[in-house]
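K.L.:
One structure coming up, written as structure tokens, with questions to follow.
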Amino acid sequence: SWGDFKAAYPQGVVLDRAATGFSRDYGRNPYVGYDGSSDPFLFRGTVDDRATAMRRIVGVSFDDVSVAWVLDAVSGEGPTATNTRVGGAPIVIFWQPGQASALDTADVTTGREVGSVGVFRAELDGRILEFTGTSTGFVDSATGTTWSLTGRAVEGPLLGSELTRLVHLDTFWFAWSTYRPGTDLLEV
């Protein structure tokens, strides 16, 4: 969400609406209802039928292995941490509420909740960490350190440490499975 971005990156650079050279309302969604459609428009490929085309997923490719988690499986009422492995490596998927879908309603701020995701190696200095989502962030059980959605230790013995971020994609199943055919799809 915008609030999370500002807190994590106070010096972050954002789009200057006046400098784009275009008169456009960036708060308006030109694709109203895209989230709820049964088929993605302009897509002419074949959808892998293990999930519906518009199912939201979190996709990770690591060590030549591609895995997609259904968003519902890694999200919840509050922050969640999914401890798992990809290509033999321990990883963690952090999810927290507070971000609306920009593709649901006409006003991008009023779309349905989709939350925000961060994916990281769950290993720091040779130690594998297990995480739990809490109301204040994500806590590793080994040290009691609290981590932010961006993988930075914000409180506790590992304060200031950072987890290694893994490239991931929050997208729809049809997009991920088209470019990563044969990917594993996990619903738990």
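Convention: chains lettered A, B, ... in structure tokens order; per-chain residue numbering from 1; ligands numbered from 1 as shown.
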With a distance cut-off of 12 Å and only C-alpha atoms, select the neighbouring residues of A:Pro79, excluding the residue or stretch itself and same-chain residues fewer than 5 positions from it, and output the selection as a PyMOL selection string.
P.N.:
chain A and resi 74+93-98+115-118+131-139+147-149
K.L.:
Take the residues just selected and output them with N, CA, C and O atoms as a short mmCIF file (atom, residue, chain, number, x, y, z; two decimals), in the first residue's frame.
P.N.:
data_model
loop_
_atom_site.label_atom_id
_atom_site.label_comp_id
_atom_site.auth_asym_id
_atom_site.auth_seq_id
_atom_site.Cartn_x
_atom_site.Cartn_y
_atom_site.Cartn_z
N VAL A 74 -2.09 -18.05 1.21
CA VAL A 74 -1.00 -17.38 1.95
C VAL A 74 -1.47 -16.09 2.62
O VAL A 74 -0.66 -15.36 3.19
N ILE A 93 6.97 -16.45 2.71
CA ILE A 93 6.10 -15.50 2.03
C ILE A 93 5.39 -14.70 3.11
O ILE A 93 4.65 -15.26 3.92
N PHE A 94 5.65 -13.40 3.14
CA PHE A 94 4.94 -12.50 4.05
C PHE A 94 3.74 -11.92 3.30
O PHE A 94 3.86 -11.52 2.14
N TRP A 95 2.60 -11.85 3.97
CA TRP A 95 1.42 -11.20 3.41
C TRP A 95 0.81 -10.35 4.50
O TRP A 95 0.75 -10.77 5.66
N GLN A 96 0.37 -9.15 4.13
CA GLN A 96 -0.36 -8.33 5.09
C GLN A 96 -1.47 -7.58 4.38
O GLN A 96 -1.34 -7.23 3.21
N PRO A 97 -2.59 -7.37 5.08
CA PRO A 97 -3.70 -6.63 4.48
C PRO A 97 -3.37 -5.15 4.36
O PRO A 97 -2.41 -4.67 4.95
N GLY A 98 -4.19 -4.45 3.59
CA GLY A 98 -4.05 -3.00 3.51
C GLY A 98 -3.87 -2.47 2.10
O GLY A 98 -3.72 -1.27 1.91
N GLY A 115 -4.15 -7.21 -0.39
CA GLY A 115 -2.97 -7.24 0.47
C GLY A 115 -1.68 -7.05 -0.29
O GLY A 115 -1.65 -6.85 -1.50
N SER A 116 -0.59 -7.11 0.45
CA SER A 116 0.76 -6.95 -0.10
C SER A 116 1.60 -8.16 0.26
O SER A 116 1.43 -8.75 1.32
N VAL A 117 2.54 -8.49 -0.62
CA VAL A 117 3.36 -9.70 -0.46
C VAL A 117 4.83 -9.36 -0.54
O VAL A 117 5.25 -8.52 -1.33
N GLY A 118 5.62 -10.03 0.28
CA GLY A 118 7.08 -10.02 0.19
C GLY A 118 7.56 -11.46 0.26
O GLY A 118 7.00 -12.26 1.03
N PHE A 131 8.93 -18.09 10.64
CA PHE A 131 8.24 -16.85 10.94
C PHE A 131 6.76 -17.07 11.23
O PHE A 131 6.16 -18.04 10.76
N THR A 132 6.20 -16.14 11.98
CA THR A 132 4.78 -16.09 12.28
C THR A 132 4.31 -14.66 12.03
O THR A 132 5.02 -13.72 12.37
N GLY A 133 3.12 -14.52 11.45
CA GLY A 133 2.54 -13.19 11.27
C GLY A 133 1.89 -12.74 12.56
O GLY A 133 1.22 -13.52 13.23
N THR A 134 2.12 -11.48 12.95
CA THR A 134 1.53 -10.90 14.15
C THR A 134 0.95 -9.53 13.80
O THR A 134 1.18 -9.02 12.70
N SER A 135 0.26 -8.94 14.72
CA SER A 135 -0.34 -7.62 14.47
C SER A 135 0.72 -6.54 14.28
O SER A 135 0.43 -5.48 13.73
N THR A 136 1.95 -6.80 14.71
CA THR A 136 3.01 -5.79 14.57
C THR A 136 4.00 -6.09 13.46
O THR A 136 4.95 -5.34 13.25
N GLY A 137 3.81 -7.20 12.76
CA GLY A 137 4.72 -7.56 11.68
C GLY A 137 4.90 -9.06 11.63
O GLY A 137 3.97 -9.82 11.86
N PHE A 138 6.13 -9.48 11.39
CA PHE A 138 6.46 -10.90 11.24
C PHE A 138 7.58 -11.22 12.21
O PHE A 138 8.59 -10.52 12.22
N VAL A 139 7.40 -12.24 13.03
CA VAL A 139 8.35 -12.55 14.10
C VAL A 139 9.00 -13.89 13.83
O VAL A 139 8.30 -14.87 13.54
N TRP A 147 10.05 -8.41 11.96
CA TRP A 147 10.45 -8.04 10.61
C TRP A 147 9.31 -7.32 9.90
O TRP A 147 8.15 -7.60 10.15
N SER A 148 9.66 -6.43 8.98
CA SER A 148 8.66 -5.71 8.19
C SER A 148 8.33 -6.50 6.93
O SER A 148 9.04 -7.46 6.58
N LEU A 149 7.31 -6.07 6.23
CA LEU A 149 6.93 -6.68 4.96
C LEU A 149 8.06 -6.62 3.94
O LEU A 149 8.14 -7.44 3.04
#
K.L.:
Name all residues at most 7 Å from stretch 156-170 of chain A (count only C-alpha atoms; drop same-chain ones fewer than 4 positions away) and give them as number ranges by chain.
P.N.:
A: 57-60, 119-121, 124, 143-146, 151-152
K.L.:
Pick out the residues sitting within 8 Å of A:Gly111, and hand them over as a PDB file with N, CA and C atoms, in the first residue's frame; count only C-alpha atoms, and ignore anything fewer than 5 positions along from it in its own chain.
P.N.:
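Output file result_22.pdb is given in full below:
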ATOM      1  N   ALA A 100      -5.641  -2.358  -1.733  1.00  0.00           N
ATOM      2  CA  ALA A 100      -6.818  -2.637  -2.547  1.00  0.00           C
ATOM      3  C   ALA A 100      -6.403  -3.006  -3.965  1.00  0.00           C
ATOM      4  N   SER A 101      -7.205  -3.845  -4.613  1.00  0.00           N
ATOM      5  CA  SER A 101      -6.971  -4.161  -6.011  1.00  0.00           C
ATOM      6  C   SER A 101      -7.229  -2.915  -6.852  1.00  0.00           C
ATOM      7  N   ALA A 102      -6.312  -2.584  -7.724  1.00  0.00           N
ATOM      8  CA  ALA A 102      -6.478  -1.441  -8.628  1.00  0.00           C
ATOM      9  C   ALA A 102      -7.333  -1.808  -9.835  1.00  0.00           C
ATOM     10  N   LEU A 103      -7.723  -3.086  -9.949  1.00  0.00           N
ATOM     11  CA  LEU A 103      -8.464  -3.551 -11.124  1.00  0.00           C
ATOM     12  C   LEU A 103      -9.885  -3.990 -10.805  1.00  0.00           C
ATOM     13  N   ASP A 104     -10.414  -3.566  -9.684  1.00  0.00           N
ATOM     14  CA  ASP A 104     -11.733  -4.019  -9.260  1.00  0.00           C
ATOM     15  C   ASP A 104     -12.804  -2.968  -9.539  1.00  0.00           C
ATOM     16  N   THR A 105     -12.703  -1.831  -8.897  1.00  0.00           N
ATOM     17  CA  THR A 105     -13.708  -0.775  -9.015  1.00  0.00           C
ATOM     18  C   THR A 105     -13.141   0.424  -9.781  1.00  0.00           C
TER      19      THR A 105
END
